[in-house]
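Just structure19.pdb here, PDB, C-alpha atoms:
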```pdb
ATOM      1  CA  MET A   1      19.566 -34.809   3.866
ATOM      2  CA  PRO A   2      20.555 -35.953   7.381
ATOM      3  CA  ASN A   3      23.812 -37.688   8.255
ATOM      4  CA  ILE A   4      25.653 -36.866   5.043
ATOM      5  CA  VAL A   5      29.383 -37.296   5.661
ATOM      6  CA  SER A   6      31.835 -35.240   3.619
ATOM      7  CA  VAL A   7      34.996 -37.329   3.271
ATOM      8  CA  ILE A   8      38.085 -35.364   2.239
ATOM      9  CA  LEU A   9      40.920 -37.315   0.675
ATOM     10  CA  PRO A  10      44.070 -35.349  -0.237
ATOM     11  CA  THR A  11      46.562 -36.987  -2.591
ATOM     12  CA  TYR A  12      49.849 -36.226  -4.261
ATOM     13  CA  ASN A  13      51.247 -38.727  -6.790
ATOM     14  CA  ARG A  14      49.805 -41.762  -5.042
ATOM     15  CA  SER A  15      48.169 -43.403  -8.049
ATOM     16  CA  HIS A  16      49.375 -46.821  -6.855
ATOM     17  CA  SER A  17      47.269 -46.713  -3.668
ATOM     18  CA  LEU A  18      44.596 -44.087  -4.327
ATOM     19  CA  VAL A  19      41.869 -46.304  -5.790
ATOM     20  CA  ALA A  20      42.058 -48.752  -2.873
ATOM     21  CA  ALA A  21      41.804 -45.850  -0.406
ATOM     22  CA  MET A  22      38.791 -44.453  -2.293
ATOM     23  CA  ASN A  23      37.055 -47.816  -2.487
ATOM     24  CA  SER A  24      37.405 -48.314   1.275
ATOM     25  CA  VAL A  25      35.337 -45.129   1.652
ATOM     26  CA  LEU A  26      32.789 -45.860  -1.081
ATOM     27  CA  THR A  27      32.067 -49.373   0.237
ATOM     28  CA  GLN A  28      31.322 -48.198   3.783
ATOM     29  CA  SER A  29      28.220 -49.638   5.419
ATOM     30  CA  HIS A  30      27.063 -46.008   5.824
ATOM     31  CA  LYS A  31      26.267 -44.943   2.255
ATOM     32  CA  ASP A  32      25.213 -41.302   2.676
ATOM     33  CA  LEU A  33      28.502 -39.605   1.869
ATOM     34  CA  GLU A  34      30.388 -37.488  -0.596
ATOM     35  CA  LEU A  35      34.034 -38.213  -1.329
ATOM     36  CA  ILE A  36      36.073 -35.116  -2.182
ATOM     37  CA  VAL A  37      39.430 -36.088  -3.678
ATOM     38  CA  VAL A  38      41.826 -33.132  -3.552
ATOM     39  CA  ASP A  39      44.668 -33.484  -6.037
ATOM     40  CA  ASP A  40      47.541 -31.461  -4.575
ATOM     41  CA  ALA A  41      49.023 -30.526  -7.985
ATOM     42  CA  SER A  42      50.199 -34.054  -8.798
ATOM     43  CA  SER A  43      52.332 -34.730 -11.844
ATOM     44  CA  GLU A  44      50.511 -38.052 -12.295
ATOM     45  CA  ASP A  45      47.116 -38.271 -14.005
ATOM     46  CA  ILE A  46      45.052 -38.431 -10.836
ATOM     47  CA  GLU A  47      41.892 -37.065 -12.446
ATOM     48  CA  SER A  48      41.468 -40.056 -14.766
ATOM     49  CA  LEU A  49      41.858 -42.467 -11.872
ATOM     50  CA  VAL A  50      39.313 -40.635  -9.738
ATOM     51  CA  LEU A  51      36.703 -40.233 -12.468
ATOM     52  CA  GLY A  52      37.301 -43.809 -13.581
ATOM     53  CA  VAL A  53      35.872 -45.101 -10.308
ATOM     54  CA  GLY A  54      32.458 -44.218 -11.709
ATOM     55  CA  ASP A  55      30.634 -43.291  -8.505
ATOM     56  CA  THR A  56      28.421 -40.195  -8.498
ATOM     57  CA  ARG A  57      29.336 -39.521  -4.865
ATOM     58  CA  VAL A  58      32.921 -38.712  -5.903
ATOM     59  CA  ARG A  59      34.069 -35.146  -6.589
ATOM     60  CA  TYR A  60      37.489 -34.249  -7.974
ATOM     61  CA  VAL A  61      39.199 -30.983  -6.997
ATOM     62  CA  ARG A  62      42.643 -30.023  -8.269
ATOM     63  CA  ARG A  63      44.942 -27.507  -6.613
ATOM     64  CA  THR A  64      47.137 -25.536  -8.998
ATOM     65  CA  GLN A  65      50.051 -25.460  -6.555
ATOM     66  CA  ASN A  66      51.345 -28.150  -4.214
ATOM     67  CA  GLY A  67      50.776 -27.115  -0.605
ATOM     68  CA  GLY A  68      50.980 -30.297   1.440
ATOM     69  CA  ALA A  69      48.373 -32.354   3.277
ATOM     70  CA  GLY A  70      47.172 -29.511   5.511
ATOM     71  CA  ALA A  71      46.547 -27.155   2.606
ATOM     72  CA  ALA A  72      44.798 -29.894   0.613
ATOM     73  CA  ARG A  73      42.533 -30.738   3.545
ATOM     74  CA  ASN A  74      41.649 -27.070   3.949
ATOM     75  CA  THR A  75      40.775 -26.934   0.246
ATOM     76  CA  GLY A  76      38.515 -29.933   0.691
ATOM     77  CA  LEU A  77      36.770 -28.277   3.627
ATOM     78  CA  THR A  78      35.715 -25.359   1.406
ATOM     79  CA  HIS A  79      33.869 -27.870  -0.839
ATOM     80  CA  ALA A  80      32.265 -29.944   1.942
ATOM     81  CA  THR A  81      28.458 -29.870   2.137
ATOM     82  CA  GLY A  82      27.792 -32.655   4.639
ATOM     83  CA  ASP A  83      26.635 -32.623   8.253
ATOM     84  CA  TYR A  84      29.825 -34.419   9.304
ATOM     85  CA  ILE A  85      33.448 -34.261   8.199
ATOM     86  CA  ALA A  86      35.881 -37.147   7.857
ATOM     87  CA  PHE A  87      39.359 -37.437   6.374
ATOM     88  CA  GLN A  88      41.008 -40.287   4.526
ATOM     89  CA  ASP A  89      44.650 -40.634   3.472
ATOM     90  CA  SER A  90      45.573 -41.825   0.004
ATOM     91  CA  ASP A  91      47.648 -44.753   1.291
ATOM     92  CA  ASP A  92      45.348 -46.016   4.077
ATOM     93  CA  ILE A  93      42.310 -48.297   4.203
ATOM     94  CA  TRP A  94      39.145 -47.694   6.229
ATOM     95  CA  LEU A  95      37.517 -50.701   7.846
ATOM     96  CA  PRO A  96      33.997 -51.260   6.419
ATOM     97  CA  ASN A  97      31.985 -50.015   9.434
ATOM     98  CA  LYS A  98      34.162 -47.010  10.257
ATOM     99  CA  LEU A  99      31.556 -44.342   9.553
ATOM    100  CA  GLU A 100      28.572 -46.284  10.870
ATOM    101  CA  ARG A 101      30.281 -47.016  14.187
ATOM    102  CA  GLN A 102      31.488 -43.467  14.673
ATOM    103  CA  LEU A 103      28.149 -41.908  13.745
ATOM    104  CA  GLN A 104      26.422 -44.085  16.331
ATOM    105  CA  LEU A 105      28.983 -43.147  18.973
ATOM    106  CA  LEU A 106      28.869 -39.442  18.180
ATOM    107  CA  THR A 107      25.079 -39.162  18.161
ATOM    108  CA  SER A 108      24.933 -40.937  21.534
ATOM    109  CA  GLN A 109      27.204 -38.368  23.213
ATOM    110  CA  PRO A 110      26.173 -35.123  24.947
ATOM    111  CA  GLU A 111      25.973 -32.036  22.744
ATOM    112  CA  HIS A 112      29.356 -30.693  23.863
ATOM    113  CA  VAL A 113      31.076 -33.784  22.424
ATOM    114  CA  ARG A 114      31.395 -33.052  18.718
ATOM    115  CA  VAL A 115      34.293 -35.298  17.707
ATOM    116  CA  VAL A 116      34.808 -39.064  17.906
ATOM    117  CA  THR A 117      38.201 -40.598  17.221
ATOM    118  CA  GLY A 118      39.313 -44.206  16.974
ATOM    119  CA  ALA A 119      42.511 -46.155  16.431
ATOM    120  CA  LYS A 120      44.611 -47.319  13.510
ATOM    121  CA  ILE A 121      46.475 -50.559  12.960
ATOM    122  CA  VAL A 122      49.810 -49.428  11.490
ATOM    123  CA  TYR A 123      51.793 -51.859   9.358
ATOM    124  CA  TYR A 124      55.530 -51.149   9.204
ATOM    125  CA  SER A 125      56.150 -54.454   7.418
ATOM    126  CA  PRO A 126      54.188 -57.680   6.829
ATOM    127  CA  THR A 127      55.344 -58.945  10.235
ATOM    128  CA  ARG A 128      55.538 -55.728  12.253
ATOM    129  CA  MET A 129      52.472 -53.764  13.284
ATOM    130  CA  LEU A 130      51.110 -51.767  16.200
ATOM    131  CA  GLN A 131      47.969 -49.954  17.279
ATOM    132  CA  ALA A 132      48.129 -46.165  17.266
ATOM    133  CA  PRO A 133      47.454 -44.467  19.506
ATOM    134  CA  PRO A 134      48.142 -47.145  22.149
ATOM    135  CA  PRO A 135      44.885 -48.367  23.711
ATOM    136  CA  GLN A 136      46.082 -47.627  27.238
ATOM    137  CA  ARG A 137      44.805 -44.425  28.824
ATOM    138  CA  PRO A 138      42.444 -43.100  26.129
ATOM    139  CA  LEU A 139      41.205 -39.529  26.321
ATOM    140  CA  ARG A 140      38.427 -39.070  28.869
ATOM    141  CA  THR A 141      35.634 -36.585  28.288
ATOM    142  CA  ASP A 142      35.938 -35.368  31.911
ATOM    143  CA  GLU A 143      39.683 -34.610  31.848
ATOM    144  CA  ASN A 144      41.559 -31.497  30.737
ATOM    145  CA  GLN A 145      41.998 -32.625  27.151
ATOM    146  CA  LEU A 146      44.060 -29.602  26.132
ATOM    147  CA  VAL A 147      46.744 -30.339  28.735
ATOM    148  CA  ARG A 148      46.793 -33.994  27.718
ATOM    149  CA  LEU A 149      47.043 -33.287  23.996
ATOM    150  CA  LEU A 150      49.866 -30.786  24.420
ATOM    151  CA  THR A 151      52.231 -33.671  25.118
ATOM    152  CA  GLU A 152      50.462 -36.705  23.660
ATOM    153  CA  ASN A 153      48.701 -36.769  20.325
ATOM    154  CA  ARG A 154      45.715 -39.098  20.556
ATOM    155  CA  ILE A 155      44.145 -37.990  17.255
ATOM    156  CA  SER A 156      45.046 -38.974  13.724
ATOM    157  CA  VAL A 157      42.479 -37.165  11.618
ATOM    158  CA  GLN A 158      41.649 -40.106   9.335
ATOM    159  CA  ASN A 159      40.657 -42.027  12.472
ATOM    160  CA  ALA A 160      38.101 -39.388  13.463
ATOM    161  CA  LEU A 161      34.630 -38.101  12.647
ATOM    162  CA  PHE A 162      33.765 -34.434  13.194
ATOM    163  CA  ARG A 163      30.456 -32.656  13.461
ATOM    164  CA  LYS A 164      30.450 -29.794  11.000
ATOM    165  CA  GLY A 165      30.941 -26.646  13.040
ATOM    166  CA  CYS A 166      33.050 -28.277  15.754
ATOM    167  CA  PHE A 167      35.832 -25.904  14.728
ATOM    168  CA  PRO A 168      35.370 -22.398  13.261
ATOM    169  CA  GLY A 169      35.969 -21.681   9.581
ATOM    170  CA  THR A 170      37.473 -23.942   6.923
ATOM    171  CA  GLU A 171      41.173 -23.415   7.624
ATOM    172  CA  TRP A 172      41.548 -26.143  10.188
ATOM    173  CA  PHE A 173      45.141 -27.100   9.452
ATOM    174  CA  ASP A 174      48.389 -25.159   9.684
ATOM    175  CA  GLU A 175      49.609 -25.059   6.095
ATOM    176  CA  CYS A 176      53.166 -24.258   7.230
ATOM    177  CA  ALA A 177      53.442 -27.541   9.143
ATOM    178  CA  SER A 178      54.512 -30.336   6.815
ATOM    179  CA  ALA A 179      54.256 -32.959   9.577
ATOM    180  CA  ASN A 180      52.382 -33.222  12.872
ATOM    181  CA  GLU A 181      49.721 -30.921  11.448
ATOM    182  CA  ASP A 182      47.045 -33.251  12.827
ATOM    183  CA  TRP A 183      48.586 -32.967  16.308
ATOM    184  CA  GLU A 184      48.792 -29.191  16.093
ATOM    185  CA  PHE A 185      45.149 -29.132  14.976
ATOM    186  CA  ALA A 186      44.107 -31.451  17.822
ATOM    187  CA  ILE A 187      45.539 -28.991  20.344
ATOM    188  CA  ARG A 188      43.466 -26.138  18.911
ATOM    189  CA  LEU A 189      40.420 -28.400  18.479
ATOM    190  CA  ALA A 190      40.406 -29.244  22.190
ATOM    191  CA  GLN A 191      39.911 -25.541  22.905
ATOM    192  CA  HIS A 192      36.574 -25.582  21.029
ATOM    193  CA  THR A 193      34.965 -28.938  21.727
ATOM    194  CA  THR A 194      35.135 -32.161  23.718
ATOM    195  CA  ILE A 195      36.547 -35.275  22.043
ATOM    196  CA  TYR A 196      35.397 -38.846  22.646
ATOM    197  CA  GLU A 197      38.056 -41.501  22.099
ATOM    198  CA  ASP A 198      37.049 -45.019  21.133
ATOM    199  CA  ILE A 199      39.950 -47.507  21.221
ATOM    200  CA  GLU A 200      38.403 -49.739  18.542
ATOM    201  CA  PRO A 201      40.557 -49.706  15.339
ATOM    202  CA  VAL A 202      38.778 -48.218  12.314
ATOM    203  CA  VAL A 203      41.706 -47.715   9.899
ATOM    204  CA  LEU A 204      44.567 -49.761   8.479
ATOM    205  CA  GLY A 205      47.687 -47.664   7.877
ATOM    206  CA  PHE A 206      50.826 -48.484   5.942
ATOM    207  CA  ILE A 207      54.212 -46.824   6.462
ATOM    208  CA  SER A 208      55.979 -46.326   3.139
ATOM    209  CA  ALA A 209      59.202 -44.642   2.053
ATOM    210  CA  ASP A 210      57.348 -41.409   1.212
ATOM    211  CA  SER A 211      55.325 -41.287   4.428
ATOM    212  CA  ILE A 212      55.571 -37.890   6.123
ATOM    213  CA  SER A 213      56.276 -39.579   9.457
ATOM    214  CA  MET A 214      59.550 -40.927   8.017
ATOM    215  CA  ASN A 215      60.942 -37.412   7.465
ATOM    216  CA  ASP A 216      62.833 -36.120  10.521
ATOM    217  CA  ARG A 217      63.059 -32.553   9.249
ATOM    218  CA  ARG A 218      59.308 -32.318   8.738
ATOM    219  CA  GLU A 219      58.663 -33.859  12.138
ATOM    220  CA  LEU A 220      60.912 -31.229  13.719
ATOM    221  CA  ILE A 221      59.079 -28.405  11.945
ATOM    222  CA  GLY A 222      55.830 -29.812  13.322
ATOM    223  CA  TYR A 223      57.178 -29.660  16.891
ATOM    224  CA  LEU A 224      58.422 -26.109  16.397
ATOM    225  CA  ARG A 225      55.050 -24.992  14.998
ATOM    226  CA  ILE A 226      53.259 -26.446  18.019
ATOM    227  CA  LEU A 227      55.618 -24.622  20.380
ATOM    228  CA  ARG A 228      55.250 -21.372  18.484
ATOM    229  CA  LYS A 229      51.485 -21.357  17.919
ATOM    230  CA  ASN A 230      50.724 -22.297  21.521
ATOM    231  CA  ARG A 231      53.290 -19.997  23.114
ATOM    232  CA  THR A 232      50.786 -18.149  25.303
ATOM    233  CA  ILE A 233      49.167 -21.309  26.681
ATOM    234  CA  LEU A 234      52.516 -23.003  27.257
ATOM    235  CA  LYS A 235      53.782 -20.119  29.398
ATOM    236  CA  LYS A 236      51.376 -21.385  32.056
ATOM    237  CA  LEU A 237      51.997 -25.097  31.366
ATOM    238  CA  LYS A 238      55.726 -25.492  31.828
ATOM    239  CA  VAL A 239      55.689 -29.256  32.302
ATOM    240  CA  GLN A 240      54.050 -29.668  28.900
ATOM    241  CA  ARG A 241      56.364 -27.110  27.297
ATOM    242  CA  SER A 242      59.361 -28.958  28.739
ATOM    243  CA  LEU A 243      58.239 -32.247  27.186
ATOM    244  CA  LEU A 244      57.638 -30.621  23.799
ATOM    245  CA  MET A 245      61.117 -29.119  23.855
ATOM    246  CA  ILE A 246      62.590 -32.537  24.636
ATOM    247  CA  GLY A 247      60.765 -33.906  21.601
ATOM    248  CA  ALA A 248      62.129 -31.126  19.400
ATOM    249  CA  SER A 249      65.650 -31.678  20.749
ATOM    250  CA  ARG A 250      65.535 -35.321  19.663
ATOM    251  CA  TYR A 251      64.872 -34.324  16.074
ATOM    252  CA  PHE A 252      67.571 -31.627  16.175
ATOM    253  CA  LEU A 253      69.916 -34.372  17.351
ATOM    254  CA  LYS A 254      68.864 -36.754  14.566
ATOM    255  CA  LEU A 255      69.579 -33.987  12.064
ATOM    256  CA  GLY A 256      73.063 -33.424  13.473
ATOM    257  CA  LYS A 257      72.227 -30.102  15.181
ATOM    258  CA  LYS A 258      73.817 -30.959  18.531
ATOM    259  CA  SER A 259      74.277 -27.375  19.695
ATOM    260  CA  THR A 260      70.623 -26.504  19.117
ATOM    261  CA  ALA A 261      69.500 -29.796  20.662
ATOM    262  CA  ARG A 262      71.521 -28.929  23.764
ATOM    263  CA  LYS A 263      69.889 -25.477  23.995
ATOM    264  CA  PHE A 264      66.419 -27.017  23.866
ATOM    265  CA  LEU A 265      67.379 -29.531  26.555
ATOM    266  CA  VAL A 266      68.691 -26.790  28.849
ATOM    267  CA  ALA A 267      65.498 -24.752  28.315
ATOM    268  CA  SER A 268      63.472 -27.864  29.076
ATOM    269  CA  PHE A 269      65.453 -28.422  32.269
ATOM    270  CA  LEU A 270      64.793 -24.853  33.384
ATOM    271  CA  ASP A 271      61.054 -25.347  32.835
ATOM    272  CA  ASN A 272      60.796 -28.648  34.682
ATOM    273  CA  PRO A 273      63.951 -30.433  35.917
ATOM    274  CA  PRO A 274      62.242 -33.829  36.580
ATOM    275  CA  ASN A 275      61.463 -34.201  32.861
ATOM    276  CA  ILE A 276      65.168 -34.167  32.113
ATOM    277  CA  ARG A 277      65.915 -36.746  34.794
ATOM    278  CA  LEU A 278      63.272 -39.132  33.500
ATOM    279  CA  LEU A 279      63.501 -38.714  29.729
ATOM    280  CA  VAL A 280      66.773 -37.259  28.565
ATOM    281  CA  PRO A 281      69.871 -38.988  30.043
ATOM    282  CA  PRO A 282      69.731 -42.231  27.993
ATOM    283  CA  MET A 283      69.544 -40.289  24.754
ATOM    284  CA  VAL A 284      72.221 -37.826  25.802
ATOM    285  CA  LYS A 285      74.704 -40.437  26.982
ATOM    286  CA  ARG A 286      74.480 -42.243  23.659
ATOM    287  CA  ALA A 287      74.636 -39.337  21.272
ATOM    288  CA  MET A 288      75.671 -36.099  22.936
ATOM    289  CA  HIS A 289      77.947 -37.069  25.835
ATOM    290  CA  PHE A 290      75.868 -34.698  27.889
ATOM    291  CA  SER A 291      77.395 -36.064  31.114
ATOM    292  CA  SER A 292      80.661 -34.323  30.253
ATOM    293  CA  TRP A 293      78.935 -30.951  29.756
ATOM    294  CA  ARG A 294      78.212 -28.727  32.720
ATOM    295  CA  PRO A 295      76.625 -25.265  32.759
ATOM    296  CA  SER A 296      79.099 -22.586  33.804
ATOM    297  CA  ARG A 297      78.601 -21.172  37.283
ATOM    298  CA  ALA A 298      78.306 -17.455  37.857
ATOM    299  CA  GLY A 299      81.728 -15.988  38.650
ATOM    300  CA  ALA A 300      83.626 -19.132  37.603
TER     301      ALA A 300
END
```
Full structure transcribed into structure tokens:
Amino acid sequence: MPNIVSVILPTYNRSHSLVAAMNSVLTQSHKDLELIVVDDASSEDIESLVLGVGDTRVRYVRRTQNGGAGAARNTGLTHATGDYIAFQDSDDIWLPNKLERQLQLLTSQPEHVRVVTGAKIVYYSPTRMLQAPPPQRPLRTDENQLVRLLTENRISVQNALFRKGCFPGTEWFDECASANEDWEFAIRLAQHTTIYEDIEPVVLGFISADSISMNDRRELIGYLRILRKNRTILKKLKVQRSLLMIGASRYFLKLGKKSTARKFLVASFLDNPPNIRLLVPPMVKRAMHFSSWRPSRAGA
């Protein structure tokens, strides 16, 4: 059947928000879909909730061991049978025309464009929200998307729609990265296909206490995985490597690792001194007193 979308929804102990997330998929204006809910070894009774929805398009898959969002998404990919792949999070809400809009956009693009991504309205509180990614300067199909994505993540996977086969195999996500795994995947994705970015919001997101993006240690691991897995490419792209190291240094600093943060900043400076001048001094003056530190001179 044409235009079947396999929607993969990983969840871990999110029974309070799971049904709403599922319903936002099942009530899409585009009806030809399968919803694969991957239970990442929850201690809550997720199976009863999923089966209780009573929709034949829903499939329940349980992992025997908790592996994180990346591992759960990879598990879902092994069960996907559709022509297109989409991802939902268990605490987010899709807008009703998300799939229909993105299918129309994707099928109108040239063959080399095999991914469409949109935006998310993120609610931090009832009175504080923003659009992510920012609508300014969206990805262009005629730019070097790999270089752009190495220092700016424009893709959150639940905002996107993928043609099946846009990326080889079913292990799309780095299972060792407990945060920023969508960014790390976007960098590798850009080496296989062209991405079309639509700035129209298609998802409502909600930041909660257990959101991965609220965990500084996991965010740091994500930065380090990106640096490590793209080491060969980054040797030739020192400006981008410098910016990534600045990002990692900020999380080292938040975690109280001032010595390591300083090492990353020095390495960043050696790669591209202007990045330090533009991005680092305000942070350093507040938290590291970097102005009082000077590298030793040879023979001093």
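Each of A:Asp32, A:Asp83, A:Asp271, A:Glu197 was checked against Gln145 of chain A using all atoms listed in the file; the smallest atom-to-atom distance is that of A:Glu197.
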*Using all atoms listed in the file, which residue out of A:Ile4, A:Cys176, A:Val113, A:Ile155 lies closest to Ala69 of chain A?*
A:Cys176
_Considering only C-alpha atoms, can you say which of A:Phe264, A:Phe87, A:Trp94, A:Tyr124 comes closest to Asp182 of chain A?_
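Among the listed residues, the smallest separation from Asp182 of chain A belongs to A:Phe87.
Near Leu77 of chain A, within a cut-off of 10 Å and counting only C-alpha atoms, sit the residues Ser6, Val7, Ile8, Ile36, Ala71, Ala72, Arg73, Thr81, Ile85, Ala86, Phe87, Lys164, Gly169, Thr170, Glu171 and Trp172 of chain A, with same-chain residues fewer than 4 positions away left out.
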Go ahead and write the selection's residues with C-alpha atoms as a PDB file, in the frame of the given file.
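The resulting file, selection-v4.pdb, is reproduced below:
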```
ATOM      1  CA  SER A   6      31.835 -35.240   3.619  1.00  0.00           C
ATOM      2  CA  VAL A   7      34.996 -37.329   3.271  1.00  0.00           C
ATOM      3  CA  ILE A   8      38.085 -35.364   2.239  1.00  0.00           C
ATOM      4  CA  ILE A  36      36.073 -35.116  -2.182  1.00  0.00           C
ATOM      5  CA  ALA A  71      46.547 -27.155   2.606  1.00  0.00           C
ATOM      6  CA  ALA A  72      44.798 -29.894   0.613  1.00  0.00           C
ATOM      7  CA  ARG A  73      42.533 -30.738   3.545  1.00  0.00           C
ATOM      8  CA  THR A  81      28.458 -29.870   2.137  1.00  0.00           C
ATOM      9  CA  ILE A  85      33.448 -34.261   8.199  1.00  0.00           C
ATOM     10  CA  ALA A  86      35.881 -37.147   7.857  1.00  0.00           C
ATOM     11  CA  PHE A  87      39.359 -37.437   6.374  1.00  0.00           C
ATOM     12  CA  LYS A 164      30.450 -29.794  11.000  1.00  0.00           C
ATOM     13  CA  GLY A 169      35.969 -21.681   9.581  1.00  0.00           C
ATOM     14  CA  THR A 170      37.473 -23.942   6.923  1.00  0.00           C
ATOM     15  CA  GLU A 171      41.173 -23.415   7.624  1.00  0.00           C
ATOM     16  CA  TRP A 172      41.548 -26.143  10.188  1.00  0.00           C
TER      17      TRP A 172
END
```
*Exercise: Glu184 of chain A partners within 8 Å, all atoms listed in the file, chain neighbours under 5 positions left out, as a count of residues only*: 5
*So which residues fall inside 10 Å of (54.2, -38.9, 21.9) if we count all atoms listed in the file? Mind giving them as a ChimeraX atom specification?*
/A:133,149-154,183,243-244,247
Using all atoms of segment 24-40 of chain A that appear in the file, construct an axis-aligned enclosing box with 3 Å of padding on every side and provide its centre coordinates and edge lengths in Å, rounded to one decimal, as lines of an AutoDock Vina configuration file.
```
center_x = 36.4
center_y = -40.5
center_z = -0.1
size_x = 28.3
size_y = 24.2
size_z = 17.9
```
For segment 132-239 of chain A against segment 105-110 of chain A, with a cut-off of 9 Å and counting all atoms listed in the file, what is the closest atom pair and its distance in Å to one decimal for every residue that makes the cut, ordered by chain and number, as a tab-separated table?
```
residue	atom	partner	partner_atom	distance
A:Leu161	CA	A:Leu106	CA	8.1
A:Phe162	CA	A:Leu106	CA	8.6
A:Arg163	CA	A:Leu106	CA	8.4
A:Tyr196	CA	A:Leu106	CA	7.9
A:Asp198	CA	A:Leu105	CA	8.6
```
*Run the PyMOL selection byres ((chain A and resi 136) around 12) on the file and write out the hits as a PyMOL selection string.*
chain A and resi 119+131-135+137-140+154+197-200
*asked:* With all atoms listed in the file as the counted atoms, please give the residues lying no more than 10 Å from segment 204-208 of chain A, apart from itself and same-chain residues fewer than 3 positions off, as an NGL selection string.
replied: :A and (89 or 91-95 or 119-126 or 129-132 or 158-159 or 201 or 211-214)
*Matched chain/residue IDs from the PyMOL selection byres ((chain A and resi 246) around 9), as a ChimeraX atom specification*: /A:241-245,247-250,261,264-265,268,275-276,279-280
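Interatomic distance, atom CA of Lys254 of chain A against atom CA of Leu220 of chain A: 9.7 Å.
Selection check: the PyMOL selection byres ((chain A and resi 144) around 12) on the shown file gives Leu139, Arg140, Thr141, Asp142, Glu143, Gln145, Leu146, Val147, Arg148, Leu149, Leu150, Ile187, Ala190, Gln191, Thr193, Thr194 and Ile195 of chain A.
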Atoms are missing here; could segment 89-94 of chain A be completed with all heavy atoms and written as a PDB file, in the coordinates of the input?
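What follows is the written file selection.pdb:
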```
ATOM      1  N   ASP A  89      43.344 -40.803   4.101  1.00  0.00           N
ATOM      2  CA  ASP A  89      44.650 -40.634   3.472  1.00  0.00           C
ATOM      3  C   ASP A  89      44.737 -41.522   2.238  1.00  0.00           C
ATOM      4  O   ASP A  89      44.095 -42.586   2.180  1.00  0.00           O
ATOM      5  CB  ASP A  89      45.771 -40.989   4.447  1.00  0.00           C
ATOM      6  CG  ASP A  89      46.037 -39.880   5.457  1.00  0.00           C
ATOM      7  OD1 ASP A  89      45.382 -38.822   5.363  1.00  0.00           O
ATOM      8  OD2 ASP A  89      46.891 -40.075   6.339  1.00  0.00           O
ATOM      9  N   SER A  90      45.542 -41.114   1.286  1.00  0.00           N
ATOM     10  CA  SER A  90      45.573 -41.825   0.004  1.00  0.00           C
ATOM     11  C   SER A  90      46.365 -43.120   0.044  1.00  0.00           C
ATOM     12  O   SER A  90      46.434 -43.824  -0.966  1.00  0.00           O
ATOM     13  CB  SER A  90      46.143 -40.908  -1.085  1.00  0.00           C
ATOM     14  OG  SER A  90      47.430 -40.426  -0.736  1.00  0.00           O
ATOM     15  N   ASP A  91      46.950 -43.471   1.183  1.00  0.00           N
ATOM     16  CA  ASP A  91      47.648 -44.753   1.291  1.00  0.00           C
ATOM     17  C   ASP A  91      47.135 -45.593   2.459  1.00  0.00           C
ATOM     18  O   ASP A  91      47.792 -46.539   2.882  1.00  0.00           O
ATOM     19  CB  ASP A  91      49.161 -44.543   1.410  1.00  0.00           C
ATOM     20  CG  ASP A  91      49.545 -43.697   2.622  1.00  0.00           C
ATOM     21  OD1 ASP A  91      48.643 -43.086   3.228  1.00  0.00           O
ATOM     22  OD2 ASP A  91      50.743 -43.644   2.957  1.00  0.00           O
ATOM     23  N   ASP A  92      45.941 -45.263   2.975  1.00  0.00           N
ATOM     24  CA  ASP A  92      45.348 -46.016   4.077  1.00  0.00           C
ATOM     25  C   ASP A  92      44.027 -46.649   3.648  1.00  0.00           C
ATOM     26  O   ASP A  92      43.441 -46.274   2.633  1.00  0.00           O
ATOM     27  CB  ASP A  92      45.103 -45.109   5.289  1.00  0.00           C
ATOM     28  CG  ASP A  92      46.400 -44.730   5.997  1.00  0.00           C
ATOM     29  OD1 ASP A  92      47.438 -45.356   5.723  1.00  0.00           O
ATOM     30  OD2 ASP A  92      46.373 -43.799   6.823  1.00  0.00           O
ATOM     31  N   ILE A  93      43.558 -47.578   4.475  1.00  0.00           N
ATOM     32  CA  ILE A  93      42.310 -48.297   4.203  1.00  0.00           C
ATOM     33  C   ILE A  93      41.388 -48.160   5.413  1.00  0.00           C
ATOM     34  O   ILE A  93      41.790 -48.443   6.544  1.00  0.00           O
ATOM     35  CB  ILE A  93      42.579 -49.802   3.939  1.00  0.00           C
ATOM     36  CG1 ILE A  93      43.508 -49.987   2.749  1.00  0.00           C
ATOM     37  CG2 ILE A  93      41.256 -50.543   3.731  1.00  0.00           C
ATOM     38  CD1 ILE A  93      42.942 -49.533   1.431  1.00  0.00           C
ATOM     39  N   TRP A  94      40.141 -47.699   5.165  1.00  0.00           N
ATOM     40  CA  TRP A  94      39.145 -47.694   6.229  1.00  0.00           C
ATOM     41  C   TRP A  94      38.552 -49.091   6.385  1.00  0.00           C
ATOM     42  O   TRP A  94      38.289 -49.786   5.392  1.00  0.00           O
ATOM     43  CB  TRP A  94      38.016 -46.737   5.876  1.00  0.00           C
ATOM     44  CG  TRP A  94      38.291 -45.294   6.159  1.00  0.00           C
ATOM     45  CD1 TRP A  94      39.436 -44.730   6.631  1.00  0.00           C
ATOM     46  CD2 TRP A  94      37.358 -44.228   5.992  1.00  0.00           C
ATOM     47  NE1 TRP A  94      39.278 -43.383   6.765  1.00  0.00           N
ATOM     48  CE2 TRP A  94      38.015 -43.034   6.388  1.00  0.00           C
ATOM     49  CE3 TRP A  94      36.042 -44.149   5.548  1.00  0.00           C
ATOM     50  CZ2 TRP A  94      37.391 -41.787   6.344  1.00  0.00           C
ATOM     51  CZ3 TRP A  94      35.418 -42.911   5.512  1.00  0.00           C
ATOM     52  CH2 TRP A  94      36.090 -41.741   5.907  1.00  0.00           C
TER      53      TRP A  94
END
```
